[in-house]
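Content type TSV, C-alpha atoms and all ligand atoms, from the file work_26.tsv:
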chain	number	residue	atom	x	y	z
A	143	MET	CA	0.00	0.00	0.00
A	144	ARG	CA	2.81	2.35	0.95
A	145	HIS	CA	4.19	2.41	-2.61
A	146	LEU	CA	0.70	3.11	-3.96
A	147	LEU	CA	0.38	6.32	-1.98
A	148	PRO	CA	2.55	8.53	-4.23
A	149	ALA	CA	0.66	7.29	-7.28
A	150	LEU	CA	-2.65	8.01	-5.60
A	151	LEU	CA	-1.49	11.50	-4.62
A	152	LEU	CA	-0.32	12.07	-8.17
A	153	LEU	CA	-3.69	11.03	-9.56
A	154	THR	CA	-5.54	13.15	-7.04
A	155	PHE	CA	-3.50	16.33	-6.94
A	156	GLY	CA	-1.11	16.27	-9.93
A	157	ALA	CA	2.69	16.24	-9.88
A	158	PRO	CA	3.61	19.65	-8.36
A	159	LEU	CA	2.26	18.75	-4.91
A	160	LEU	CA	4.64	15.83	-4.73
A	161	ALA	CA	7.80	17.91	-5.15
A	162	ALA	CA	9.37	17.63	-1.71
A	163	PRO	CA	11.41	20.48	-0.22
A	164	THR	CA	15.08	19.83	-0.93
A	165	PRO	CA	17.43	19.49	2.07
A	166	PRO	CA	20.39	21.93	1.91
A	167	GLN	CA	23.10	20.86	-0.54
A	168	THR	CA	26.80	21.69	-0.46
A	169	LEU	CA	27.97	20.55	-3.89
A	170	VAL	CA	27.51	21.89	-7.40
A	171	ARG	CA	27.08	18.88	-9.73
A	172	PRO	CA	27.59	20.07	-13.31
A	173	GLY	CA	25.16	18.46	-15.73
A	174	GLU	CA	22.91	16.86	-13.07
A	175	LEU	CA	19.38	17.96	-12.26
A	176	TRP	CA	19.68	20.97	-9.94
A	177	GLU	CA	16.77	21.21	-7.52
A	178	ASP	CA	15.51	24.50	-6.12
A	179	ASN	CA	13.98	24.88	-2.64
A	180	ASN	CA	10.77	23.23	-3.88
A	181	GLY	CA	12.51	20.23	-5.41
A	182	ASN	CA	12.03	21.43	-8.99
A	183	HIS	CA	14.89	21.55	-11.52
A	184	ILE	CA	16.02	25.18	-11.68
A	185	ASN	CA	14.45	26.83	-14.72
A	186	ALA	CA	16.74	29.76	-15.54
A	187	HIS	CA	18.64	29.04	-18.74
A	188	GLY	CA	21.03	31.43	-20.49
A	189	GLY	CA	21.28	33.01	-17.06
A	190	GLY	CA	22.73	36.14	-15.56
A	191	PHE	CA	23.51	37.02	-11.95
A	192	LEU	CA	23.14	40.04	-9.70
A	193	ARG	CA	24.69	40.53	-6.29
A	194	TYR	CA	22.35	42.58	-4.12
A	195	GLY	CA	21.26	42.76	-0.47
A	196	GLY	CA	23.42	39.90	0.79
A	197	LYS	CA	22.10	37.58	-1.89
A	198	VAL	CA	22.96	36.46	-5.38
A	199	TRP	CA	20.01	36.62	-7.79
A	200	TRP	CA	19.87	34.26	-10.77
A	201	PHE	CA	17.77	35.31	-13.76
A	202	GLY	CA	17.25	33.06	-16.77
A	203	GLU	CA	14.98	31.85	-19.52
A	204	HIS	CA	12.01	29.91	-18.18
A	205	LYS	CA	11.65	26.93	-20.53
A	206	VAL	CA	8.71	24.56	-20.99
A	207	PRO	CA	8.90	20.94	-22.19
A	208	GLY	CA	9.52	20.02	-25.81
A	209	ASP	CA	10.48	22.17	-28.76
A	210	ALA	CA	7.94	24.81	-27.63
A	211	GLY	CA	10.40	25.60	-24.85
A	212	ASN	CA	12.71	27.26	-27.35
A	213	TYR	CA	10.15	30.07	-27.53
A	214	ALA	CA	9.22	32.28	-24.59
A	215	GLN	CA	5.95	30.92	-23.20
A	216	VAL	CA	6.36	32.34	-19.72
A	217	GLY	CA	9.26	34.80	-19.38
A	218	VAL	CA	12.28	35.27	-17.15
A	219	HIS	CA	12.53	33.19	-13.97
A	220	CYS	CA	14.33	34.44	-10.85
A	221	TYR	CA	16.01	32.56	-7.99
A	222	SER	CA	18.05	33.74	-5.01
A	223	SER	CA	20.80	32.27	-2.87
A	224	ASP	CA	22.76	33.57	0.11
A	225	GLU	CA	26.06	35.11	-0.95
A	226	ASP	CA	28.08	32.45	0.81
A	227	ASP	CA	25.98	29.57	-0.50
A	228	LEU	CA	25.46	29.46	-4.31
A	229	VAL	CA	24.25	25.85	-4.22
A	230	ASN	CA	20.80	26.23	-2.65
A	231	TRP	CA	18.46	28.43	-4.68
A	232	LYS	CA	15.05	29.75	-3.66
A	233	ASP	CA	12.39	30.13	-6.33
A	234	GLU	CA	11.52	33.85	-6.47
A	235	GLY	CA	9.01	33.45	-9.31
A	236	ILE	CA	8.69	35.02	-12.74
A	237	ALA	CA	10.51	38.35	-12.86
A	238	LEU	CA	9.41	39.41	-16.36
A	239	ARG	CA	6.31	37.91	-17.99
A	240	VAL	CA	5.76	37.69	-21.70
A	241	SER	CA	2.62	39.47	-22.86
A	242	ASP	CA	-0.74	38.00	-23.90
A	243	ASP	CA	-1.13	40.95	-26.28
A	244	PRO	CA	-0.06	39.62	-29.70
A	245	LYS	CA	1.00	43.16	-30.68
A	246	SER	CA	3.52	43.44	-27.85
A	247	ASP	CA	7.21	43.14	-28.72
A	248	ILE	CA	7.39	40.49	-26.00
A	249	ALA	CA	4.27	38.59	-27.08
A	250	LYS	CA	4.04	35.03	-25.80
A	251	GLY	CA	5.88	32.87	-28.36
A	252	CYS	CA	8.62	35.40	-29.05
A	253	ILE	CA	12.25	34.40	-28.44
A	254	LEU	CA	13.59	35.98	-25.27
A	255	GLU	CA	17.11	34.88	-24.40
A	256	ARG	CA	20.04	35.49	-22.05
A	257	PRO	CA	18.46	38.02	-19.64
A	258	LYS	CA	20.94	39.99	-17.55
A	259	VAL	CA	20.03	42.26	-14.61
A	260	VAL	CA	22.03	45.12	-13.11
A	261	PHE	CA	21.21	47.54	-10.30
A	262	ASN	CA	21.43	51.24	-11.05
A	263	ALA	CA	22.35	53.16	-7.90
A	264	LYS	CA	21.41	56.53	-9.42
A	265	THR	CA	17.79	55.61	-10.23
A	266	GLY	CA	17.40	52.88	-7.62
A	267	LYS	CA	16.02	50.62	-10.37
A	268	PHE	CA	16.88	47.09	-11.36
A	269	VAL	CA	17.47	47.01	-15.12
A	270	MET	CA	17.04	43.87	-17.20
A	271	TRP	CA	18.44	43.57	-20.74
A	272	PHE	CA	17.78	40.60	-22.99
A	273	HIS	CA	18.04	39.34	-26.55
A	274	LEU	CA	14.65	39.59	-28.22
A	275	GLU	CA	13.35	38.06	-31.43
A	276	LEU	CA	9.85	39.08	-32.48
A	277	LYS	CA	7.26	36.32	-32.58
A	278	GLY	CA	7.15	34.43	-35.87
A	279	LYS	CA	10.24	36.05	-37.34
A	280	GLY	CA	12.87	33.48	-36.47
A	281	TYR	CA	16.15	35.11	-35.49
A	282	SER	CA	15.89	37.99	-37.99
A	283	ALA	CA	14.88	40.88	-35.69
A	284	ALA	CA	18.10	40.66	-33.61
A	285	ARG	CA	16.81	43.21	-31.09
A	286	SER	CA	17.65	44.07	-27.52
A	287	GLY	CA	14.90	44.50	-24.95
A	288	VAL	CA	15.03	46.43	-21.68
A	289	ALA	CA	12.77	46.30	-18.62
A	290	VAL	CA	12.94	47.84	-15.12
A	291	ALA	CA	11.78	46.97	-11.62
A	292	ASP	CA	11.88	48.33	-8.08
A	293	ARG	CA	12.86	45.02	-6.55
A	294	PRO	CA	15.39	42.44	-7.76
A	295	GLU	CA	12.77	39.74	-8.24
A	296	GLY	CA	10.47	42.11	-10.12
A	297	PRO	CA	7.88	42.42	-11.46
A	298	TYR	CA	9.78	44.03	-14.35
A	299	THR	CA	8.04	46.52	-16.63
A	300	PHE	CA	9.01	46.21	-20.28
A	301	LEU	CA	10.25	49.55	-21.66
A	302	ARG	CA	11.10	48.94	-25.32
A	303	SER	CA	13.14	46.90	-27.79
A	304	GLY	CA	15.22	47.78	-30.80
A	305	ARG	CA	18.46	47.65	-32.70
A	306	ILE	CA	21.57	49.34	-31.30
A	307	ASN	CA	23.07	52.79	-31.99
A	308	PRO	CA	21.50	53.63	-35.38
A	309	GLY	CA	23.60	56.10	-37.37
A	310	LYS	CA	26.58	55.96	-34.99
A	311	TRP	CA	30.12	55.15	-36.04
A	312	PRO	CA	32.15	52.80	-33.84
A	313	GLU	CA	35.07	54.40	-32.03
A	314	ASN	CA	37.57	51.97	-33.49
A	315	LEU	CA	36.58	52.55	-37.13
A	316	PRO	CA	39.22	54.71	-38.86
A	317	ALA	CA	37.94	58.14	-39.97
A	318	GLU	CA	38.40	57.36	-43.68
A	319	LYS	CA	36.03	54.40	-43.36
A	320	ARG	CA	33.21	56.44	-41.82
A	321	THR	CA	31.18	56.76	-44.98
A	322	LEU	CA	28.45	54.74	-46.64
A	323	GLU	CA	29.69	55.80	-50.05
A	324	GLY	CA	31.42	52.84	-51.63
A	325	ALA	CA	30.86	50.85	-48.41
A	326	PRO	CA	31.29	47.08	-48.78
A	327	LYS	CA	28.13	45.28	-49.81
A	328	SER	CA	26.77	42.30	-47.86
A	329	GLN	CA	25.78	39.01	-49.41
A	330	GLY	CA	23.84	36.15	-47.89
A	331	LEU	CA	25.61	34.18	-45.21
A	332	SER	CA	25.78	30.43	-45.28
A	333	GLY	CA	26.71	29.15	-41.86
A	334	SER	CA	29.42	30.66	-39.76
A	335	TRP	CA	31.59	32.20	-42.41
A	336	PHE	CA	31.65	35.06	-44.88
A	337	PRO	CA	31.22	34.38	-48.58
A	338	GLU	CA	34.62	34.54	-50.26
A	339	GLY	CA	35.75	38.06	-50.98
A	340	MET	CA	33.13	39.74	-48.81
A	341	ASP	CA	34.41	42.48	-46.50
A	342	LYS	CA	33.92	41.50	-42.85
A	343	ALA	CA	32.43	44.92	-42.08
A	344	ALA	CA	29.73	44.57	-44.76
A	345	PHE	CA	26.87	43.76	-42.35
A	346	PHE	CA	27.90	46.63	-40.09
A	347	TYR	CA	27.52	49.05	-43.03
A	348	ARG	CA	24.26	47.40	-44.11
A	349	ASP	CA	22.78	48.02	-40.64
A	350	PHE	CA	24.36	51.43	-40.02
A	351	LYS	CA	21.21	53.49	-40.57
A	352	GLY	CA	18.70	51.16	-38.93
A	353	GLY	CA	20.88	50.09	-36.01
A	354	GLN	CA	23.17	47.19	-35.28
A	355	MET	CA	21.94	43.64	-34.70
A	356	ALA	CA	22.31	42.18	-31.21
A	357	ARG	CA	21.76	38.52	-30.38
A	358	ASP	CA	23.69	36.68	-27.63
A	359	MET	CA	24.55	39.25	-25.01
A	360	THR	CA	25.75	40.17	-21.57
A	361	ILE	CA	25.96	43.33	-19.48
A	362	PHE	CA	29.18	44.16	-17.65
A	363	VAL	CA	29.38	46.82	-14.93
A	364	ASP	CA	32.88	48.17	-14.33
A	365	ASP	CA	34.34	49.28	-10.98
A	366	ASP	CA	33.59	52.92	-11.85
A	367	GLY	CA	29.88	52.14	-12.27
A	368	LYS	CA	29.88	52.37	-16.07
A	369	ALA	CA	27.89	49.61	-17.74
A	370	TYR	CA	28.52	48.00	-21.12
A	371	HIS	CA	26.36	45.90	-23.40
A	372	VAL	CA	28.37	43.17	-25.13
A	373	TYR	CA	26.57	41.39	-27.97
A	374	ALA	CA	26.94	39.22	-31.03
A	375	SER	CA	26.27	41.55	-33.92
A	376	GLU	CA	26.59	41.71	-37.71
A	377	GLU	CA	24.92	38.31	-38.36
A	378	ASN	CA	26.96	36.95	-35.43
A	379	GLY	CA	30.18	37.58	-37.38
A	380	THR	CA	31.50	40.33	-35.08
A	381	LEU	CA	30.92	41.26	-31.44
A	382	GLN	CA	30.26	44.82	-30.40
A	383	ILE	CA	30.75	46.48	-27.01
A	384	ALA	CA	28.49	49.48	-26.38
A	385	GLU	CA	28.41	51.85	-23.41
A	386	LEU	CA	25.12	52.33	-21.53
A	387	ASP	CA	24.05	55.72	-20.16
A	388	ASP	CA	23.98	56.49	-16.45
A	389	THR	CA	20.48	55.01	-16.04
A	390	TYR	CA	21.62	51.77	-17.74
A	391	THR	CA	18.44	51.84	-19.84
A	392	ALA	CA	19.84	53.30	-23.09
A	393	HIS	CA	23.01	53.33	-25.17
A	394	THR	CA	25.23	56.42	-25.26
A	395	GLY	CA	26.34	55.96	-28.88
A	396	ARG	CA	29.89	54.95	-27.94
A	397	TYR	CA	30.79	51.47	-29.11
A	398	VAL	CA	33.51	49.34	-30.69
A	399	ARG	CA	33.55	46.35	-33.04
A	400	VAL	CA	35.69	43.50	-31.69
A	401	PHE	CA	36.80	40.03	-32.84
A	402	GLU	CA	35.87	41.01	-36.40
A	403	GLY	CA	34.70	38.05	-38.46
A	404	ARG	CA	35.38	35.54	-35.66
A	405	PHE	CA	31.74	34.42	-35.22
A	406	MET	CA	31.56	34.43	-31.44
A	407	GLU	CA	28.46	33.99	-29.29
A	408	ALA	CA	27.60	33.64	-25.61
A	409	PRO	CA	29.79	36.50	-24.34
A	410	ALA	CA	30.78	36.72	-20.67
A	411	ILE	CA	33.12	39.35	-19.20
A	412	PHE	CA	34.93	39.52	-15.89
A	413	LYS	CA	37.71	41.63	-14.43
A	414	LYS	CA	40.69	40.42	-12.43
A	415	GLY	CA	43.81	42.31	-11.42
A	416	GLY	CA	42.79	45.32	-13.53
A	417	LYS	CA	42.49	43.20	-16.69
A	418	TYR	CA	39.30	42.39	-18.58
A	419	TYR	CA	38.67	38.78	-19.52
A	420	PHE	CA	36.26	37.43	-22.08
A	421	ILE	CA	34.83	33.93	-22.39
A	422	GLY	CA	32.51	33.07	-25.27
A	423	SER	CA	31.77	30.37	-27.81
A	424	GLY	CA	31.78	29.73	-31.52
A	425	CYS	CA	28.51	29.71	-33.49
A	426	THR	CA	26.97	26.25	-33.83
A	427	GLY	CA	23.35	26.80	-32.78
A	428	TRP	CA	22.39	24.74	-29.73
A	429	ALA	CA	25.30	22.32	-30.23
A	430	PRO	CA	28.39	22.85	-28.08
A	431	ASN	CA	31.71	23.88	-29.59
A	432	ALA	CA	35.18	24.92	-28.41
A	433	ALA	CA	34.95	28.02	-26.23
A	434	ARG	CA	36.96	31.19	-26.85
A	435	SER	CA	38.75	33.42	-24.39
A	436	ALA	CA	40.53	36.76	-24.56
A	437	VAL	CA	42.14	39.46	-22.40
A	438	ALA	CA	42.37	43.24	-22.65
A	439	ASP	CA	43.70	46.17	-20.61
A	440	SER	CA	40.60	48.21	-21.45
A	441	ILE	CA	37.01	47.14	-22.09
A	442	TRP	CA	37.36	48.95	-25.43
A	443	GLY	CA	40.21	46.65	-26.43
A	444	PRO	CA	42.40	45.78	-28.17
A	445	TRP	CA	41.46	42.24	-27.16
A	446	LYS	CA	44.05	39.48	-27.36
A	447	GLU	CA	42.62	36.01	-27.96
A	448	LEU	CA	43.82	33.32	-25.54
A	449	GLY	CA	42.24	30.28	-27.22
A	450	ASN	CA	39.89	27.65	-25.90
A	451	PRO	CA	39.89	27.77	-22.07
A	452	ALA	CA	38.46	24.25	-21.71
A	453	ARG	CA	40.93	21.50	-20.79
A	454	GLY	CA	40.89	17.68	-20.85
A	455	GLU	CA	38.45	15.26	-22.40
A	456	ASN	CA	35.59	17.07	-24.20
A	457	ALA	CA	37.52	20.34	-24.24
A	458	ASP	CA	36.56	20.69	-27.90
A	459	LYS	CA	32.92	20.85	-26.75
A	460	THR	CA	33.64	22.92	-23.61
A	461	HIS	CA	32.47	19.97	-21.49
A	462	TYR	CA	29.24	20.02	-23.49
A	463	SER	CA	28.36	23.56	-22.46
A	464	GLN	CA	28.10	27.11	-23.76
A	465	SER	CA	29.01	30.10	-21.60
A	466	THR	CA	26.38	32.43	-20.23
A	467	TYR	CA	28.08	34.28	-17.36
A	468	VAL	CA	31.20	34.41	-15.24
A	469	LEU	CA	30.16	34.86	-11.63
A	470	PRO	CA	32.65	36.62	-9.34
A	471	HIS	CA	32.61	34.74	-6.04
A	472	PRO	CA	30.73	37.20	-3.79
A	473	LYS	CA	32.93	36.53	-0.76
A	474	LYS	CA	36.29	35.74	-2.36
A	475	PRO	CA	37.75	38.53	-4.49
A	476	GLY	CA	39.66	37.18	-7.49
A	477	VAL	CA	37.74	33.88	-7.52
A	478	PHE	CA	35.40	33.29	-10.47
A	479	ILE	CA	32.86	30.68	-11.51
A	480	TYR	CA	32.13	29.80	-15.13
A	481	CYS	CA	28.39	29.38	-15.66
A	482	GLY	CA	27.33	27.61	-18.84
A	483	ASP	CA	24.33	25.90	-20.37
A	484	ARG	CA	24.06	22.38	-21.71
A	485	TRP	CA	21.15	22.95	-24.07
A	486	THR	CA	18.54	20.26	-24.79
A	487	PRO	CA	16.49	21.91	-27.57
A	488	LYS	CA	14.25	18.84	-28.12
A	489	ASN	CA	13.07	19.17	-24.52
A	490	ALA	CA	14.17	22.67	-23.59
A	491	ILE	CA	13.12	22.51	-19.92
A	492	ASP	CA	15.64	19.71	-19.32
A	493	GLY	CA	18.65	21.93	-20.11
A	494	ARG	CA	21.44	21.51	-17.56
A	495	TYR	CA	23.84	23.93	-15.91
A	496	ILE	CA	27.58	23.47	-16.21
A	497	TRP	CA	29.26	25.51	-13.51
A	498	LEU	CA	32.99	25.14	-13.07
A	499	PRO	CA	35.52	27.10	-11.01
A	500	ILE	CA	37.85	29.13	-13.21
A	501	GLU	CA	41.45	27.99	-12.80
A	502	TRP	CA	44.52	29.74	-14.20
A	503	GLU	CA	47.45	28.77	-16.39
A	504	GLY	CA	49.50	31.96	-16.11
A	505	GLU	CA	47.33	34.67	-17.64
A	506	LYS	CA	44.89	32.15	-19.17
A	507	PRO	CA	41.58	31.30	-17.49
A	508	VAL	CA	40.98	27.54	-17.83
A	509	LEU	CA	38.08	25.15	-17.27
A	510	ASN	CA	38.77	21.66	-15.97
A	511	TRP	CA	35.90	19.19	-15.70
A	512	LYS	CA	34.63	18.33	-12.22
A	513	TYR	CA	31.80	15.93	-11.44
A	514	SER	CA	31.14	17.89	-8.27
A	515	TRP	CA	32.70	20.72	-6.30
A	516	ALA	CA	31.86	22.97	-3.38
A	517	PRO	CA	31.73	26.77	-3.69
A	518	ALA	CA	32.70	26.82	0.01
A	519	ASP	CA	36.05	25.18	-0.86
A	520	LEU	CA	37.10	27.75	-3.48
A	601	LIG	C1	23.13	29.76	-29.60
A	601	LIG	C2	22.85	30.87	-28.65
A	601	LIG	O1	23.95	31.00	-27.81
A	601	LIG	C3	21.60	30.58	-27.86
A	601	LIG	O2	21.38	31.60	-26.94
A	601	LIG	C4	20.49	30.45	-28.85
A	601	LIG	O3	20.30	31.68	-29.49
A	601	LIG	C5	20.82	29.37	-29.88
A	601	LIG	N1	22.06	29.65	-30.52
A	601	LIG	C6	19.74	29.23	-30.92
A	601	LIG	O4	20.13	28.32	-31.90

Output the file's structure as structure tokens, nothing else.
Ligand code: DGJ
Amino acid sequence: MRHLLPALLLLTFGAPLLAAPTPPQTLVRPGELWEDNNGNHINAHGGGFLRYGGKVWWFGEHKVPGDAGNYAQVGVHCYSSDEDDLVNWKDEGIALRVSDDPKSDIAKGCILERPKVVFNAKTGKFVMWFHLELKGKGYSAARSGVAVADRPEGPYTFLRSGRINPGKWPENLPAEKRTLEGAPKSQGLSGSWFPEGMDKAAFFYRDFKGGQMARDMTIFVDDDGKAYHVYASEENGTLQIAELDDTYTAHTGRYVRVFEGRFMEAPAIFKKGGKYYFIGSGCTGWAPNAARSAVADSIWGPWKELGNPARGENADKTHYSQSTYVLPHPKKPGVFIYCGDRWTPKNAIDGRYIWLPIEWEGEKPVLNWKYSWAPADL
């Protein structure tokens, strides 16, 4: 009879009531199911993190089962953990909801990816940026969305979405190239490379008037409080780094093009010892590839590539993960955690989290596989 009870409960009340509270955990287990305080697998993919009020807040894409989960059916999910924990996460609910109004930019069924939240001390607002694709238009819109809230967990109010810095020249484009006259012409792309003979700046010129594309993205706030939007632009061929204004809700017009023609996605930035580090990926859709890394003395570059940071077996697939964020350990300055996704697009909700401590080989950040590890031991 005892073993019949769960089945009876399931039939009577449905599955959610059976999820038992999870006892406190001490280990991160990359690739395993990761239960929140209610015993549910954490649902915050393509995540970003905010340190605020003695807690770390995790924001990510709420996925649903099946292929439908690759489209935003719900919105952005939020979790919190004590600063000195990082293993046990409390479900804080849906921070930003997609809209039931089919005319909204964030209509249910749009693509809303890689949300990142920062706190703006001047306005007292929490600001969320995300990659937005309009419903029914595949990945062609390549917009950025922004929303604000009075509390970290929301609710967030959607402000607007659009392309980036229309009509603005990047700071690192030589003066003689700042003209559309005789500018290189774009051709169709096939995969992650430029058609032979095509100038690698061609998509930048194509989008100059209407604004630059932005897909995979992160937001980085520097020690001086300035915030930067880092995004895969120009049909994913080139990344751009754009300064945000002092409310963090708009771009100032200052930006640079970096890693021209290198087809990088999944950007994450962190700062150690006065240097800026970048971890990202190549462009192979949901399938994992060899990660990229780079270092610079200034956020504006020049950036020096350091190669694939992953080490050991499955390094060529970054331990079957794609970067989404590098989390500075809240209590241990100079200690960083790589946060990546192992995507499962056929059943999006089942995506796993690959978190690994960042180790160092001289100036190079490296990622060694670990079946389990404890943030407390870093
Ligand atoms: C890879 C990106 O990093 C993801 O965020 C998502 O956009 C997929 N591509 C879609 O194929």

Discussion item. Residues within 9 Å of region 197-200 of chain A, please, as a ChimeraX atom specification. Count all atoms listed in the file; anything in the same chain fewer than 3 positions from it doesn't count.
Written reply: /A:186,189-194,219-228,231,258-259,294-295,472

Per residue of chain A within 6 Å of ligand LIG 601 (chain A), record the nearest atom pair and its distance in Å to one decimal, counting only C-alpha atoms and all ligand atoms, with rows in chain order and ascending residue number, as JSON lines.
{"residue": "A:Glu255", "atom": "CA", "partner": "A:LIG601", "partner_atom": "O2", "distance": 6.0}
{"residue": "A:Asp358", "atom": "CA", "partner": "A:LIG601", "partner_atom": "O2", "distance": 5.6}
{"residue": "A:Glu407", "atom": "CA", "partner": "A:LIG601", "partner_atom": "O1", "distance": 5.6}
{"residue": "A:Ala408", "atom": "CA", "partner": "A:LIG601", "partner_atom": "O1", "distance": 5.0}
{"residue": "A:Gly427", "atom": "CA", "partner": "A:LIG601", "partner_atom": "O4", "distance": 3.7}
{"residue": "A:Trp428", "atom": "CA", "partner": "A:LIG601", "partner_atom": "O4", "distance": 4.8}

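Candidate residues A:Glu313, A:Glu505, A:Asp519, A:Asp292 were compared for distance to Lys267 (chain A), and the nearest is A:Asp292, using only C-alpha atoms.
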
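Selecting by distance to (16.4, 57.2, -9.9) with a limit of 12 Å and using only C-alpha atoms, one obtains Phe261, Asn262, Ala263, Lys264, Thr265, Gly266, Lys267, Phe268, Val269, Val290, Ala291, Asp292, Asp388, Thr389, Tyr390 and Thr391 of chain A.
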
Item to complete: Select all residues near (25.8, 51.4, -23.5) (cut-off 8 Å, inclusive, file coordinates), counting all atoms listed in the file, and output them as a PyMOL selection string.
Response: chain A and resi 369-371+383-387+390+392-397

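You will find CA of Glu377 (chain A) at 9.0 Å from CA of Ser334 (chain A).
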
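Ranking A:Tyr495, A:Trp271, A:Tyr298, A:Trp335 by their shortest atom-to-atom distance to Met406 (chain A), with all atoms listed in the file included, puts A:Trp335 first.
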
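Close contacts of Lys245 (chain A), defined as residues with an atom at most 10 Å away when counting all atoms listed in the file, with chain neighbours fewer than 4 positions off set aside, comprise Ser241, Ala249, Lys250, Leu276 and Lys277 of chain A.
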
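You will find CA of Gln464 (chain A) at 17.0 Å from CA of Phe272 (chain A).
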
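Taking CA of Val260 (chain A) and CA of Ser286 (chain A) as the two end points, the separation is 15.1 Å.
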
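Here the question is which of A:Phe412, A:Trp497, A:Phe346, A:Trp485 gets nearest to Asn307 (chain A) using only C-alpha atoms, and that residue is A:Phe346.
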
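Taking all atoms listed in the file, the non-local environment of Gly379 (chain A) within 10 Å (same-chain residues fewer than 6 positions away omitted) comprises Leu331, Ser334, Trp335, Phe336, Lys342, Ala343, Phe345, Phe346, Val400, Phe401, Glu402, Gly403, Arg404, Phe405, Met406, Glu407, Gly424 and Cys425 of chain A.
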
Worksheet, complete the sentence: Using all atoms listed in the file, the residue out of A:Val218, A:Cys252, A:Met355, A:Ala429 with shortest distance to Ala237 (chain A) is A:Val218

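Checking A:Trp445, A:Tyr373, A:Phe420, A:Trp311 one by one against Pro507 (chain A), counting all atoms listed in the file, you find the shortest gap at A:Phe420.
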